[in-house]
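Peer 1: Quick one: the structure is below, and I'll ask about it shortly.
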Amino acid sequence: MIKIATFNANSIRSRLEIVKDWLSNNRPDVLCVQETKVQDKDFPLDEFAGSGYDIVFRGQKSYNGVATFSRLPIEEVEYGLDDEPKDEPRIIRTKIKGINIVNTYVPQGNSPESDKFQYKLQWYARLKRYFAKRFTTDDMVAWLGDMNVAPTDIDVHNPAALLGHVCFRPEVWEAFADVKSWGFTDILRKHYPEEIIYTFWDYRGGSYHNNRGWRIDHILTTPPLAAKSIKCYVDKTPREQEKPSDHTFFVAEFDI
DNA sequence: ATGGTCGGCAACCGA
C-alpha cells in the first residue's frame, strides 16, 4: 500500500505543528504541500529532522511555494515547468516507488479580467504539454495539489452565486478538463461520484462552521494507478487544531 | 449579506 496526500498549508511555518502532528499520526508515504510561503534558505528543514521524511522544495518570498515530503527514496526530482516562465514555486515532480508524483499549485487567477487569469488558463495548457512530453497513459502518474478549480456544481456550496469566480467558470472548467482528457481519473469521484466533499473553506464569514466549502484540491492519476486506488478521503481533524489552514489534508491510498 | 479573515511583511497584496 502507498498513501499519498496533499495539503495547502497557507504558510508552512505557521502550520508547522499541524503538519508535524499529521505526519506522525498518519504516516503517509508522500505529502505534497502548496503555498509554503517561504524562501528555500528559510525552509524549516530542522523541524523535520528525524521525522523520517526527505523533503524537496522550491519557494519564494511571501507567495506560492511547493514542497514534497517522502518517507520512501526519492528517485528523481524536477522543479518547475519546462518552458518559460518555469514557475518553480508552483510545481515539483518527484519519482517515488516508480510513481511520478506531480505536485502543483495552479495559479488562482485573481479576477476574470486580469492578466493573471489568462496566465492561469495558459498554465493548464502548459501542464498538459508537460505531461504529454514526459509520460504515456500507461505510466504510473499521480497529479495532485491545489488546482484552483471546482469542476462541477456539486463541488461548491452555492453554484448559482459563485458562477463567474476564477475557480468556477467555463474557461477554467474547460482548461482543467483538457488536462484531464490527456488521461487522468479524478480519484475522489471514482470512489464518491456524487457526494458533497470539500477541501477548502474561506476564512471569512464562518464558512467552515457553516460548511460553505469548495472542492479545489484534487488527486488525479493515470489508468494503471487509478485501477489500484483503494481509498480516497478528506481528513478534517487538523481543522479542529489552533490556527488551521483554510484547506484540509486530502488523501489517497493505492494497492501498490 | 458585494462583507468577511488570514499570512507575509511592514503598505498593502494575494487568496
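In the C-alpha cells, the first chain shown is A, the next is B, and so on; residue numbers restart at 1 for each chain, and ligands run from 1 in the order shown.
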Kindly determine which residues of chain B lie within 7 Å of chain A, considering only C-alpha atoms (C1' of nucleotides), and give the answer as a short mmCIF file (atom, residue, chain, number, x, y, z; two decimals) with N, CA and C atoms (P, O5', C5', C4', C3', O3' and C1' of nucleotides), in the first residue's frame.
Peer 2:
```cif
data_model
loop_
_atom_site.label_atom_id
_atom_site.label_comp_id
_atom_site.auth_asym_id
_atom_site.auth_seq_id
_atom_site.Cartn_x
_atom_site.Cartn_y
_atom_site.Cartn_z
P DG B 4 -16.67 43.78 6.80
"O5'" DG B 4 -16.21 42.33 7.26
"C5'" DG B 4 -17.12 41.46 7.94
"C4'" DG B 4 -16.70 40.02 7.72
"C3'" DG B 4 -15.23 39.74 8.03
"O3'" DG B 4 -15.11 39.19 9.33
"C1'" DG B 4 -15.84 38.88 5.87
P DT B 5 -13.81 39.30 10.10
"O5'" DT B 5 -12.84 38.23 9.44
"C5'" DT B 5 -13.14 36.84 9.51
"C4'" DT B 5 -11.91 36.06 9.09
"C3'" DT B 5 -10.65 36.36 9.89
"O3'" DT B 5 -9.88 35.17 9.98
"C1'" DT B 5 -10.24 36.78 7.64
P DC B 6 -9.33 34.67 11.34
"O5'" DC B 6 -8.03 33.87 10.87
"C5'" DC B 6 -6.87 34.57 10.58
"C4'" DC B 6 -6.36 34.16 9.24
"C3'" DC B 6 -4.86 34.32 9.14
"O3'" DC B 6 -4.27 33.07 9.40
"C1'" DC B 6 -5.99 35.13 7.17
P DG B 7 -2.83 33.07 10.04
"O5'" DG B 7 -1.90 33.43 8.80
"C5'" DG B 7 -1.75 32.49 7.74
"C4'" DG B 7 -0.66 32.96 6.81
"C3'" DG B 7 0.58 33.48 7.55
"O3'" DG B 7 1.74 32.97 6.93
"C1'" DG B 7 -0.31 35.20 6.17
P DG B 8 3.14 33.34 7.55
"O5'" DG B 8 3.63 34.50 6.58
"C5'" DG B 8 3.71 34.26 5.17
"C4'" DG B 8 4.13 35.52 4.47
"C3'" DG B 8 5.35 36.22 5.09
"O3'" DG B 8 6.20 36.67 4.05
"C1'" DG B 8 3.55 37.72 4.98
#
```
Peer 1: Measure the distance from CA of Pro44 (chain A) to CA of Asn8 (chain A) in Å and round it to one decimal.
Peer 2: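 Answer for the CA of Pro44 (chain A) to CA of Asn8 (chain A) separation: 16.3 Å.
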Peer 1: Rounded to one decimal in Å, what is the spacing between CA of Val141 (chain A) and CA of Thr221 (chain A)?
Peer 2: 5.5 Å
Peer 1: From the DSSP assignment of the backbone, select every residue of region 96-232 of chain A that is alpha helix (DSSP H), and format the answer as a PyMOL selection string.
Peer 2: chain A and resi 115-134+159-162+170-180+187-191+223-226
Peer 1: Restrict the selected residues to N, CA and C atoms and save them as a compact mmCIF listing (two decimals), in the first residue's frame.
Peer 2:
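Just written: part.txt:
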```
# COMPACT_ATOMS: atom_id res chain seq x y z
N ASP A 115 -4.77 39.82 -16.26
CA ASP A 115 -3.74 39.05 -16.95
C ASP A 115 -3.45 37.75 -16.21
N LYS A 116 -3.60 37.80 -14.89
CA LYS A 116 -3.34 36.60 -14.09
C LYS A 116 -4.30 35.47 -14.43
N PHE A 117 -5.52 35.84 -14.83
CA PHE A 117 -6.47 34.80 -15.22
C PHE A 117 -6.04 34.15 -16.54
N GLN A 118 -5.59 34.95 -17.48
CA GLN A 118 -5.08 34.39 -18.74
C GLN A 118 -3.86 33.50 -18.46
N TYR A 119 -3.03 33.95 -17.54
CA TYR A 119 -1.85 33.16 -17.17
C TYR A 119 -2.27 31.81 -16.59
N LYS A 120 -3.32 31.83 -15.77
CA LYS A 120 -3.85 30.58 -15.20
C LYS A 120 -4.29 29.62 -16.30
N LEU A 121 -5.06 30.13 -17.26
CA LEU A 121 -5.55 29.26 -18.35
C LEU A 121 -4.37 28.69 -19.13
N GLN A 122 -3.37 29.53 -19.39
CA GLN A 122 -2.19 29.06 -20.12
C GLN A 122 -1.43 28.02 -19.32
N TRP A 123 -1.45 28.20 -18.01
CA TRP A 123 -0.71 27.28 -17.13
C TRP A 123 -1.23 25.86 -17.27
N TYR A 124 -2.56 25.71 -17.31
CA TYR A 124 -3.13 24.36 -17.53
C TYR A 124 -2.66 23.80 -18.88
N ALA A 125 -2.67 24.64 -19.90
CA ALA A 125 -2.27 24.17 -21.24
C ALA A 125 -0.81 23.75 -21.25
N ARG A 126 0.01 24.53 -20.57
CA ARG A 126 1.44 24.19 -20.49
C ARG A 126 1.63 22.89 -19.72
N LEU A 127 0.83 22.71 -18.68
CA LEU A 127 0.93 21.48 -17.88
C LEU A 127 0.53 20.25 -18.69
N LYS A 128 -0.48 20.41 -19.52
CA LYS A 128 -0.89 19.27 -20.36
C LYS A 128 0.27 18.85 -21.28
N ARG A 129 0.94 19.84 -21.87
CA ARG A 129 2.09 19.53 -22.73
C ARG A 129 3.21 18.87 -21.93
N TYR A 130 3.39 19.35 -20.70
CA TYR A 130 4.39 18.78 -19.79
C TYR A 130 4.13 17.28 -19.58
N PHE A 131 2.87 16.94 -19.32
CA PHE A 131 2.53 15.52 -19.12
C PHE A 131 2.75 14.73 -20.41
N ALA A 132 2.25 15.29 -21.52
CA ALA A 132 2.31 14.56 -22.79
C ALA A 132 3.76 14.32 -23.22
N LYS A 133 4.63 15.25 -22.88
CA LYS A 133 6.04 15.16 -23.28
C LYS A 133 6.78 14.10 -22.48
N ARG A 134 6.38 13.90 -21.23
CA ARG A 134 7.13 13.02 -20.33
C ARG A 134 6.59 11.60 -20.21
N PRO A 159 -23.52 27.06 -6.24
CA PRO A 159 -23.06 27.24 -7.62
C PRO A 159 -23.65 28.47 -8.31
N ALA A 160 -24.89 28.78 -8.01
CA ALA A 160 -25.51 29.94 -8.69
C ALA A 160 -24.79 31.23 -8.31
N ALA A 161 -24.50 31.36 -7.01
CA ALA A 161 -23.87 32.61 -6.54
C ALA A 161 -22.40 32.67 -6.95
N LEU A 162 -21.74 31.52 -7.04
CA LEU A 162 -20.30 31.52 -7.28
C LEU A 162 -19.93 31.47 -8.75
N PRO A 170 -16.69 28.74 -16.92
CA PRO A 170 -16.48 27.81 -18.04
C PRO A 170 -15.03 27.72 -18.55
N GLU A 171 -14.34 28.85 -18.67
CA GLU A 171 -12.97 28.77 -19.22
C GLU A 171 -12.07 27.88 -18.38
N VAL A 172 -12.26 27.95 -17.04
CA VAL A 172 -11.43 27.16 -16.14
C VAL A 172 -11.85 25.69 -16.18
N TRP A 173 -13.16 25.46 -16.21
CA TRP A 173 -13.63 24.08 -16.34
C TRP A 173 -13.04 23.43 -17.59
N GLU A 174 -13.08 24.19 -18.70
CA GLU A 174 -12.59 23.64 -19.97
C GLU A 174 -11.08 23.41 -19.94
N ALA A 175 -10.36 24.36 -19.37
CA ALA A 175 -8.90 24.22 -19.31
C ALA A 175 -8.49 23.02 -18.45
N PHE A 176 -9.18 22.86 -17.33
CA PHE A 176 -8.89 21.73 -16.43
C PHE A 176 -9.29 20.42 -17.11
N ALA A 177 -10.48 20.41 -17.72
CA ALA A 177 -10.95 19.19 -18.40
C ALA A 177 -10.00 18.79 -19.52
N ASP A 178 -9.39 19.78 -20.16
CA ASP A 178 -8.47 19.47 -21.25
C ASP A 178 -7.22 18.77 -20.73
N VAL A 179 -6.72 19.19 -19.59
CA VAL A 179 -5.58 18.48 -18.99
C VAL A 179 -6.01 17.07 -18.61
N LYS A 180 -7.16 16.98 -17.96
CA LYS A 180 -7.69 15.67 -17.56
C LYS A 180 -7.83 14.73 -18.74
N ILE A 187 -9.65 10.72 -8.69
CA ILE A 187 -9.73 9.57 -7.77
C ILE A 187 -10.86 9.73 -6.74
N LEU A 188 -11.11 10.94 -6.27
CA LEU A 188 -12.21 11.10 -5.32
C LEU A 188 -13.54 10.72 -5.98
N ARG A 189 -13.74 11.16 -7.19
CA ARG A 189 -15.00 10.87 -7.89
C ARG A 189 -15.11 9.41 -8.31
N LYS A 190 -13.98 8.71 -8.45
CA LYS A 190 -14.05 7.28 -8.70
C LYS A 190 -14.73 6.58 -7.52
N HIS A 191 -14.43 7.04 -6.30
CA HIS A 191 -14.97 6.39 -5.11
C HIS A 191 -16.30 7.00 -4.67
N PRO A 223 -4.63 5.66 -15.73
CA PRO A 223 -5.44 4.45 -15.53
C PRO A 223 -4.77 3.33 -14.73
N PRO A 224 -3.50 2.99 -14.98
CA PRO A 224 -2.95 1.87 -14.20
C PRO A 224 -2.90 2.15 -12.71
N LEU A 225 -2.73 3.41 -12.34
CA LEU A 225 -2.71 3.76 -10.92
C LEU A 225 -4.14 3.87 -10.38
N ALA A 226 -5.04 4.43 -11.18
CA ALA A 226 -6.46 4.52 -10.76
C ALA A 226 -7.02 3.13 -10.47
```
Peer 1: Please return, as a VMD selection string, all residues of region 11-187 of chain A that DSSP assigns to strand (DSSP E or B) on the basis of the backbone.
Peer 2: chain A and resid 30 to 34 54 to 58 66 to 70 74 to 79 91 to 96 99 to 105 141 to 146 156 165 168 185 to 186
Peer 1: Please measure the separation of CA of Ile74 (chain A) and CA of Ile55 (chain A), giving the value in Å to one decimal.
Peer 2: 9.0 Å
Peer 1: Please provide as a list of chain:residue names all residues within 7 Å of region 90-100 of chain A, with the sequence filter that same-chain residues fewer than 5 positions apart are discarded (counting only C-alpha atoms (C1' of nucleotides)).
Peer 2: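 With the cut-off at 7 Å, the set is A:Asn64, A:Gly65, A:Val66, A:Leu72, A:Pro73, A:Ile74, A:Glu75, A:Glu76, A:Val77, A:Glu78, A:Tyr79, A:Gly80, A:Leu81, A:Tyr105, A:Val106, A:Met140, A:Val141, A:Ala142.
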Peer 1: Got a sec: who's within 10 Å of Tyr53 (chain A), counting only C-alpha atoms (C1' of nucleotides), leaving out chain neighbours fewer than 6 positions off, as number ranges by chain?
Peer 2: A: 23, 27-31, 68-73
